[in-house]
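Participant: Dropping the structure in here first, questions after.
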Amino acid sequence: MKDQVTALAAFEEEIQSCQHCALGAMRTRFVFGVGDPGADLVFVGEAPGLEEDRQGEPFVGRAGKLLDRILAAIELSRQQVYICNILKCRPPDNRDPLASEVEQCLPYLKEQFRIIKPKLIVALGRVAAKTLLGVEESLKNMRQQVYNYEGVEMRVTYHTAALLRNPRLKAAAWEDFQIIRDRYRELAGLPPERKQEQAGSPGE
Ligand code: URA
């Protein structure tokens, strides 16, 4: 664990001045990732937004606050998992990442995975899922499946920004997060969650 802390900090130091793509010159802050460097569960979003670019931390805007609430509902905090993005710098106007940007940035994420050694990776949203899995399926289909990302179990669920735009997706997302909780606990060797099931989704 100590090695992972040191290795991840050293890696952040090494890449935080990256100028490999044009986003480097546009950013306020480089957004490396946050959480436990030895986490069993890693969430991967798309790219920093306005607040993340300002604060240098992923998922701190409205979508991030919702992610925090969902994590709390499965008895996890952002300190116990690891949260990062496909891209480390904010694309202008939050447009989708370009293939050339992903090509430059993806090796950074892979190195983070190599250091952290998660047991379960969760892609938040279509862009993260499509980038990691190289598939063009609908999110609806992908969320029903279990994938393997370079030897690590991977699941897909809705991005919390999509849940804010379309609250009708929250019930399905809550189902996914309960599965993620159970599978995480199983893979981490933790006892199953006490069944005092919450009545509804935590997103309200
Ligand atoms: N959306 C993302 O995909 N990542 C963030 O860090 C914030 C919003």
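Following the order of the structure tokens, first chain is A, next is B, and so on, with residues numbered from 1 inside each chain and ligands from 1 in the order they appear.
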Give one line per residue of chain A that approaches ligand 1 to at most 9 Å, naming the two atoms of the closest pair and their distance in Å to one decimal, counting only C-alpha atoms and all ligand atoms; sort by chain then ascending residue number and deliver it as JSON lines.
Facilitator:
```
{"residue": "A:Val31", "atom": "CA", "partner": "ligand 1", "partner_atom_place_in_ligand_line": "6 (O)", "distance": 7.8}
{"residue": "A:Gly33", "atom": "CA", "partner": "ligand 1", "partner_atom_place_in_ligand_line": "6 (O)", "distance": 8.5}
{"residue": "A:Val44", "atom": "CA", "partner": "ligand 1", "partner_atom_place_in_ligand_line": "3 (O)", "distance": 7.5}
{"residue": "A:Gly45", "atom": "CA", "partner": "ligand 1", "partner_atom_place_in_ligand_line": "3 (O)", "distance": 3.8}
{"residue": "A:Glu46", "atom": "CA", "partner": "ligand 1", "partner_atom_place_in_ligand_line": "3 (O)", "distance": 3.5}
{"residue": "A:Ala47", "atom": "CA", "partner": "ligand 1", "partner_atom_place_in_ligand_line": "4 (N)", "distance": 4.5}
{"residue": "A:Pro48", "atom": "CA", "partner": "ligand 1", "partner_atom_place_in_ligand_line": "6 (O)", "distance": 4.1}
{"residue": "A:Gly49", "atom": "CA", "partner": "ligand 1", "partner_atom_place_in_ligand_line": "7 (C)", "distance": 5.1}
{"residue": "A:Leu50", "atom": "CA", "partner": "ligand 1", "partner_atom_place_in_ligand_line": "7 (C)", "distance": 8.1}
{"residue": "A:Glu51", "atom": "CA", "partner": "ligand 1", "partner_atom_place_in_ligand_line": "7 (C)", "distance": 7.8}
{"residue": "A:Glu52", "atom": "CA", "partner": "ligand 1", "partner_atom_place_in_ligand_line": "6 (O)", "distance": 5.8}
{"residue": "A:Asp53", "atom": "CA", "partner": "ligand 1", "partner_atom_place_in_ligand_line": "6 (O)", "distance": 8.5}
{"residue": "A:Glu57", "atom": "CA", "partner": "ligand 1", "partner_atom_place_in_ligand_line": "6 (O)", "distance": 7.0}
{"residue": "A:Pro58", "atom": "CA", "partner": "ligand 1", "partner_atom_place_in_ligand_line": "6 (O)", "distance": 3.5}
{"residue": "A:Phe59", "atom": "CA", "partner": "ligand 1", "partner_atom_place_in_ligand_line": "6 (O)", "distance": 3.9}
{"residue": "A:Val60", "atom": "CA", "partner": "ligand 1", "partner_atom_place_in_ligand_line": "7 (C)", "distance": 6.6}
{"residue": "A:Gly61", "atom": "CA", "partner": "ligand 1", "partner_atom_place_in_ligand_line": "7 (C)", "distance": 6.5}
{"residue": "A:Arg62", "atom": "CA", "partner": "ligand 1", "partner_atom_place_in_ligand_line": "8 (C)", "distance": 8.1}
{"residue": "A:Ala63", "atom": "CA", "partner": "ligand 1", "partner_atom_place_in_ligand_line": "8 (C)", "distance": 5.9}
{"residue": "A:Gly64", "atom": "CA", "partner": "ligand 1", "partner_atom_place_in_ligand_line": "7 (C)", "distance": 6.2}
{"residue": "A:Ile83", "atom": "CA", "partner": "ligand 1", "partner_atom_place_in_ligand_line": "6 (O)", "distance": 8.1}
{"residue": "A:Cys84", "atom": "CA", "partner": "ligand 1", "partner_atom_place_in_ligand_line": "6 (O)", "distance": 6.7}
{"residue": "A:Asn85", "atom": "CA", "partner": "ligand 1", "partner_atom_place_in_ligand_line": "4 (N)", "distance": 5.7}
{"residue": "A:Ile86", "atom": "CA", "partner": "ligand 1", "partner_atom_place_in_ligand_line": "3 (O)", "distance": 7.9}
{"residue": "A:Leu87", "atom": "CA", "partner": "ligand 1", "partner_atom_place_in_ligand_line": "4 (N)", "distance": 8.5}
{"residue": "A:Lys88", "atom": "CA", "partner": "ligand 1", "partner_atom_place_in_ligand_line": "6 (O)", "distance": 8.6}
{"residue": "A:Arg90", "atom": "CA", "partner": "ligand 1", "partner_atom_place_in_ligand_line": "6 (O)", "distance": 8.9}
{"residue": "A:Asn94", "atom": "CA", "partner": "ligand 1", "partner_atom_place_in_ligand_line": "1 (N)", "distance": 8.7}
{"residue": "A:Leu124", "atom": "CA", "partner": "ligand 1", "partner_atom_place_in_ligand_line": "3 (O)", "distance": 7.3}
{"residue": "A:Gly125", "atom": "CA", "partner": "ligand 1", "partner_atom_place_in_ligand_line": "3 (O)", "distance": 7.8}
{"residue": "A:Val127", "atom": "CA", "partner": "ligand 1", "partner_atom_place_in_ligand_line": "3 (O)", "distance": 8.5}
{"residue": "A:Ala128", "atom": "CA", "partner": "ligand 1", "partner_atom_place_in_ligand_line": "3 (O)", "distance": 8.0}
{"residue": "A:His159", "atom": "CA", "partner": "ligand 1", "partner_atom_place_in_ligand_line": "3 (O)", "distance": 7.2}
{"residue": "A:Thr160", "atom": "CA", "partner": "ligand 1", "partner_atom_place_in_ligand_line": "1 (N)", "distance": 7.8}
{"residue": "A:Ala161", "atom": "CA", "partner": "ligand 1", "partner_atom_place_in_ligand_line": "1 (N)", "distance": 6.8}
```
Participant: If DSSP is run on the backbone, what residues of segment 94-128 of chain A are alpha helix (DSSP H)? A reply as a ChimeraX atom specification would be ideal.
Facilitator: /A:99-116,126-128
Participant: Hey, what's within 10 Å of Gln178 of chain A if we count only C-alpha atoms and toss same-chain stuff fewer than 4 positions away? As a list in words, please?
Facilitator: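 My list of contacting residues is Ile70, Ala73, Ile74, Ala173, Trp174, Asp182, Arg183, Tyr184, Glu193 and Glu197 of chain A.
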Participant: Any idea what's packed within 8 Å of Gln80 of chain A, counting only C-alpha atoms, ignoring anything in its chain fewer than 5 positions away? Could you give it as JSON, numbers by chain?
Facilitator: {"A": [35, 36, 39]}
